[in-house]
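The structure under discussion appears below in the form of structure tokens.
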Amino acid sequence: RQLLETRGSLIIRKLCVLLNAKSVYIRLANALMQYEKHNGRPADATSLEFVSTMVQTLNLILLTSSELHDLRSILSKSFSVPPQQHAKHPQKHLSRQKRNVVEENLRVFVILFRCWSHNPVATFSLCLLAQAYDLSFALVKRFSQMEDVSVGFLMQIDKLVYLLESPIFVHLRLKLLDVESPSHAPLLKSIYGILLCLPQGDAFRLLNNRLTTVCNLRENLGLAMPDMAIEDGASTGSHSANGNVTLGRSLEALLTRYDEVLELHRVAQEQYNNFVHDEQQRLQIHVTSGSHQIMASSSGRSGGYANGLSPQRQNQQYVDRRLWD
């Protein structure tokens with residue numbers, strides 16, 4: 001972990017320069033997914049926390065480093081449809097080379113999505129980068145179902161808000177102006193979703209000002225608010241809600257993977273909490289039996305407690321020391 005925090009970003013960026021950023025990220029994603037099981041059994045909370053931290057680091061590098069411009073370009077075209085002359089038969093008029101490029105872009109997105117699912121905010125930002133706004137909206141609705149919203153989760157959203165103001169997401173900000181686009185509804189609701197997750201602060205006001213500008217634009221144009229109802233399990237079909245090419249699989253399959261990973265983390269954390277609770281109970285029983293010996297030895301003394309501490313204070317110090325160990 002110390003190496004990851006001090007040199008991790010530099011190492012990954014250098015690898016992406018010397019090798020190919022897409023290949024590096026695909027290899028890392030596949031390697032991290034191997035940590036989901038250990039000897040055929042689900043991984044423990046420590047291993048899954050490591051994977052989540054790695055995904056958070058890789059995602060931040062992806063969104064900020066100039067060395068990964070090509071990979072960002074690939075992901076931003078994951079849902080793009082090449083210009084068609086005949087809308088009735090779009091695939092018929094695509095050359096084999098273009099079809100291969102589209103399929104490869106989708107493949108990269110799916111691989112990263114499956115690994116990025118270990119970190120909800122990273123998964124959400126990946127969808128925004130790939131312009132998969134219907135998918136990002138489905139993820140936002142799952143944020144509301146999270147049992148425990150941690151401080152770390154809110155800090156990651158706070159950081160994402162500032163990244164949305166960077167040049168990397170200029171396409172997203174311009175998409176907010178395209179109020180008549182089919183993709184505008186899921187995009188707008190996705191951004192509003194993370195806005196409502198944030199406590200009121202600098203990041204909240206920054207994003208709220210941006211969204212207020214968009215709403216004022218719609219009012220000035222005299223346009224009604226679009227219907228934002230999008231089903232979670234809706235399949236992409238031949239085209240997704242934002243008019244982009246299909247993932248090659250349904251939204252439900254990707255969201256199922258996301259739910260499975262979250263459940264894996266929940267079960268591992270529950271097992272860890274149970275282990276800590278059982279250890280505390282065992283130590284308490286051990287200390288209780290030891291306290292009688294301390295009280296018996298101290299009762300025979302003419303005055304004061306042993307070492308100047310009461311038996312209760314000695315018990316507490318013992319428990320604290322054992323739990324720290």
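All residue names refer to the structure tokens as shown: chains lettered A, B, ... in order, residues numbered from 1 in each chain, ligands numbered from 1 in order.
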
### Task
Tell me which protein, DNA and RNA residues are within 10 Å of region 269-279 of chain A, counting only C-alpha atoms, leaving out same-chain ones fewer than 2 positions away, and put them as a PyMOL selection string.
chain A and resi 44-46+48-49+263-267+281-285+322-323

How would the residues just chosen look if you wrote them out with all heavy atoms as a CSV table (one decimal), in the first residue's frame?
chain,number,residue,atom,x,y,z
A,44,ASP,N,-11.5,-12.4,1.3
A,44,ASP,CA,-11.9,-11.7,2.6
A,44,ASP,C,-11.9,-10.2,2.3
A,44,ASP,O,-11.6,-9.7,1.3
A,44,ASP,CB,-10.9,-12.0,3.7
A,44,ASP,CG,-9.4,-11.7,3.3
A,44,ASP,OD1,-9.2,-10.9,2.3
A,44,ASP,OD2,-8.5,-12.1,3.9
A,45,ALA,N,-12.3,-9.5,3.4
A,45,ALA,CA,-12.5,-8.0,3.3
A,45,ALA,C,-11.3,-7.3,3.0
A,45,ALA,O,-11.3,-6.3,2.2
A,45,ALA,CB,-13.2,-7.5,4.6
A,46,THR,N,-10.1,-7.8,3.5
A,46,THR,CA,-8.9,-7.1,3.2
A,46,THR,C,-8.5,-7.1,1.8
A,46,THR,O,-8.1,-6.1,1.2
A,46,THR,CB,-7.7,-7.7,4.1
A,46,THR,OG1,-8.1,-7.7,5.4
A,46,THR,CG2,-6.4,-7.0,3.9
A,48,LEU,N,-10.5,-7.6,-0.8
A,48,LEU,CA,-11.5,-6.8,-1.6
A,48,LEU,C,-11.3,-5.3,-1.4
A,48,LEU,O,-11.4,-4.5,-2.4
A,48,LEU,CB,-12.9,-7.1,-1.2
A,48,LEU,CG,-13.3,-8.6,-1.6
A,48,LEU,CD1,-14.7,-8.8,-1.1
A,48,LEU,CD2,-13.2,-8.8,-3.1
A,49,GLU,N,-10.8,-4.9,-0.2
A,49,GLU,CA,-10.5,-3.5,0.0
A,49,GLU,C,-9.3,-3.0,-0.8
A,49,GLU,O,-9.3,-1.9,-1.3
A,49,GLU,CB,-10.3,-3.2,1.5
A,49,GLU,CG,-10.0,-1.8,1.9
A,49,GLU,CD,-11.2,-0.9,1.6
A,49,GLU,OE1,-12.3,-1.4,1.6
A,49,GLU,OE2,-10.9,0.3,1.4
A,263,GLU,N,-22.4,-7.2,-3.4
A,263,GLU,CA,-22.8,-8.3,-2.5
A,263,GLU,C,-21.6,-9.0,-1.9
A,263,GLU,O,-21.6,-9.4,-0.7
A,263,GLU,CB,-23.8,-9.3,-3.1
A,263,GLU,CG,-24.3,-10.4,-2.3
A,263,GLU,CD,-25.1,-9.9,-1.1
A,263,GLU,OE1,-25.6,-8.8,-1.1
A,263,GLU,OE2,-25.3,-10.7,-0.2
A,264,LEU,N,-20.6,-9.2,-2.8
A,264,LEU,CA,-19.4,-9.8,-2.3
A,264,LEU,C,-18.7,-9.0,-1.3
A,264,LEU,O,-18.2,-9.5,-0.3
A,264,LEU,CB,-18.5,-10.0,-3.6
A,264,LEU,CG,-17.2,-10.9,-3.4
A,264,LEU,CD1,-17.6,-12.3,-3.1
A,264,LEU,CD2,-16.3,-10.8,-4.6
A,265,HIS,N,-18.6,-7.7,-1.5
A,265,HIS,CA,-18.1,-6.8,-0.5
A,265,HIS,C,-18.9,-6.8,0.8
A,265,HIS,O,-18.3,-6.8,1.9
A,265,HIS,CB,-18.0,-5.4,-1.1
A,265,HIS,CG,-16.8,-5.1,-2.0
A,265,HIS,ND1,-15.7,-4.5,-1.5
A,265,HIS,CD2,-16.6,-5.4,-3.3
A,265,HIS,CE1,-14.8,-4.5,-2.6
A,265,HIS,NE2,-15.4,-5.0,-3.6
A,266,ARG,N,-20.2,-6.8,0.7
A,266,ARG,CA,-21.1,-6.7,1.9
A,266,ARG,C,-20.9,-8.0,2.7
A,266,ARG,O,-20.7,-7.9,3.9
A,266,ARG,CB,-22.5,-6.6,1.4
A,266,ARG,CG,-23.5,-6.4,2.6
A,266,ARG,CD,-24.9,-6.6,2.2
A,266,ARG,NE,-25.2,-8.0,1.8
A,266,ARG,CZ,-25.4,-8.9,2.7
A,266,ARG,NH1,-25.3,-8.6,4.0
A,266,ARG,NH2,-25.6,-10.2,2.4
A,267,VAL,N,-20.8,-9.1,2.1
A,267,VAL,CA,-20.7,-10.4,2.8
A,267,VAL,C,-19.3,-10.5,3.5
A,267,VAL,O,-19.2,-10.9,4.6
A,267,VAL,CB,-20.9,-11.6,1.9
A,267,VAL,CG1,-20.5,-12.9,2.6
A,267,VAL,CG2,-22.3,-11.7,1.4
A,281,GLN,N,-15.6,-10.6,22.3
A,281,GLN,CA,-16.3,-11.4,23.3
A,281,GLN,C,-15.3,-12.4,24.0
A,281,GLN,O,-15.3,-12.6,25.2
A,281,GLN,CB,-17.5,-12.2,22.7
A,281,GLN,CG,-18.6,-11.3,22.2
A,281,GLN,CD,-19.3,-10.7,23.3
A,281,GLN,OE1,-19.5,-11.2,24.4
A,281,GLN,NE2,-19.8,-9.4,23.1
A,282,ARG,N,-14.5,-13.0,23.2
A,282,ARG,CA,-13.5,-13.9,23.8
A,282,ARG,C,-12.5,-13.2,24.7
A,282,ARG,O,-12.2,-13.7,25.8
A,282,ARG,CB,-12.7,-14.6,22.6
A,282,ARG,CG,-11.8,-15.7,23.1
A,282,ARG,CD,-11.1,-16.3,21.9
A,282,ARG,NE,-10.1,-15.3,21.4
A,282,ARG,CZ,-8.9,-15.1,21.9
A,282,ARG,NH1,-8.5,-15.8,23.0
A,282,ARG,NH2,-8.1,-14.2,21.3
A,283,LEU,N,-12.1,-12.0,24.3
A,283,LEU,CA,-11.2,-11.3,25.2
A,283,LEU,C,-11.9,-10.8,26.4
A,283,LEU,O,-11.3,-10.8,27.5
A,283,LEU,CB,-10.6,-10.1,24.4
A,283,LEU,CG,-9.6,-10.3,23.3
A,283,LEU,CD1,-9.3,-9.0,22.6
A,283,LEU,CD2,-8.4,-11.0,23.9
A,284,GLN,N,-13.2,-10.5,26.3
A,284,GLN,CA,-13.9,-10.0,27.5
A,284,GLN,C,-14.0,-11.1,28.5
A,284,GLN,O,-13.9,-10.9,29.7
A,284,GLN,CB,-15.3,-9.5,27.1
A,284,GLN,CG,-16.0,-8.7,28.2
A,284,GLN,CD,-15.3,-7.5,28.6
A,284,GLN,OE1,-14.7,-6.8,27.7
A,284,GLN,NE2,-15.3,-7.2,29.9
A,285,ILE,N,-14.3,-12.4,28.0
A,285,ILE,CA,-14.4,-13.5,28.9
A,285,ILE,C,-13.0,-13.8,29.6
A,285,ILE,O,-13.0,-14.0,30.8
A,285,ILE,CB,-14.9,-14.8,28.1
A,285,ILE,CG1,-16.3,-14.5,27.7
A,285,ILE,CG2,-14.8,-16.0,29.0
A,285,ILE,CD1,-16.8,-15.6,26.8
A,322,ARG,N,-4.8,-6.0,23.7
A,322,ARG,CA,-5.1,-7.2,22.9
A,322,ARG,C,-5.8,-6.8,21.5
A,322,ARG,O,-5.5,-7.4,20.5
A,322,ARG,CB,-5.9,-8.2,23.7
A,322,ARG,CG,-5.2,-8.8,24.8
A,322,ARG,CD,-4.1,-9.7,24.3
A,322,ARG,NE,-4.5,-10.7,23.3
A,322,ARG,CZ,-5.0,-11.9,23.6
A,322,ARG,NH1,-5.0,-12.3,24.9
A,322,ARG,NH2,-5.4,-12.7,22.7
A,323,LEU,N,-6.7,-5.9,21.6
A,323,LEU,CA,-7.4,-5.5,20.4
A,323,LEU,C,-6.5,-4.8,19.4
A,323,LEU,O,-6.6,-4.9,18.2
A,323,LEU,CB,-8.6,-4.6,20.7
A,323,LEU,CG,-9.8,-5.3,21.4
A,323,LEU,CD1,-10.9,-4.2,21.7
A,323,LEU,CD2,-10.4,-6.3,20.5

### Query
Can you list, as a list of chain:residue names, every protein, DNA or RNA residue that comes within 9 Å of Ser78 (chain A) when you count only C-alpha atoms, leaving out same-chain residues fewer than 5 positions away?
A:Ser73, A:Val102, A:Glu103, A:Glu104, A:Asn105, A:Leu106, A:Arg107, A:Val108, A:Phe109, A:Ala130, A:Gln131, A:Ala132, A:Asn244, A:Val245, A:Leu247

### Message
Measuring between only C-alpha atoms, which one of A:Cys115, A:Leu154, A:Leu206, A:Leu63 shows the shortest distance to Ser166 (chain A)?
### Response
A:Leu63

### Shell around Leu128 (chain A) at 9 Å using only C-alpha atoms, local window under 6 positions removed, as a PyMOL selection string
chain A and resi 76+135-136+169+172+187+190

### Task
Give the strand (DSSP E or B) residues of region 15-200 of chain A, as DSSP finds them on the backbone, and put them as a PyMOL selection string.
chain A and resi 37-38+41-42

#### Entry: Near-Pro167 (chain A) list (12 Å; only C-alpha atoms; drop same-chain fewer than 2 positions) as a PyMOL selection string
chain A and resi 63-66+69+129+162-165+169-174

### Query
Can you list, as a ChimeraX atom specification, every protein, DNA or RNA residue that comes within 12 Å of Ser47 (chain A) when you count only C-alpha atoms, leaving out same-chain residues fewer than 6 positions away?
/A:1,32-38,53-54,118,264-265,268-269,272
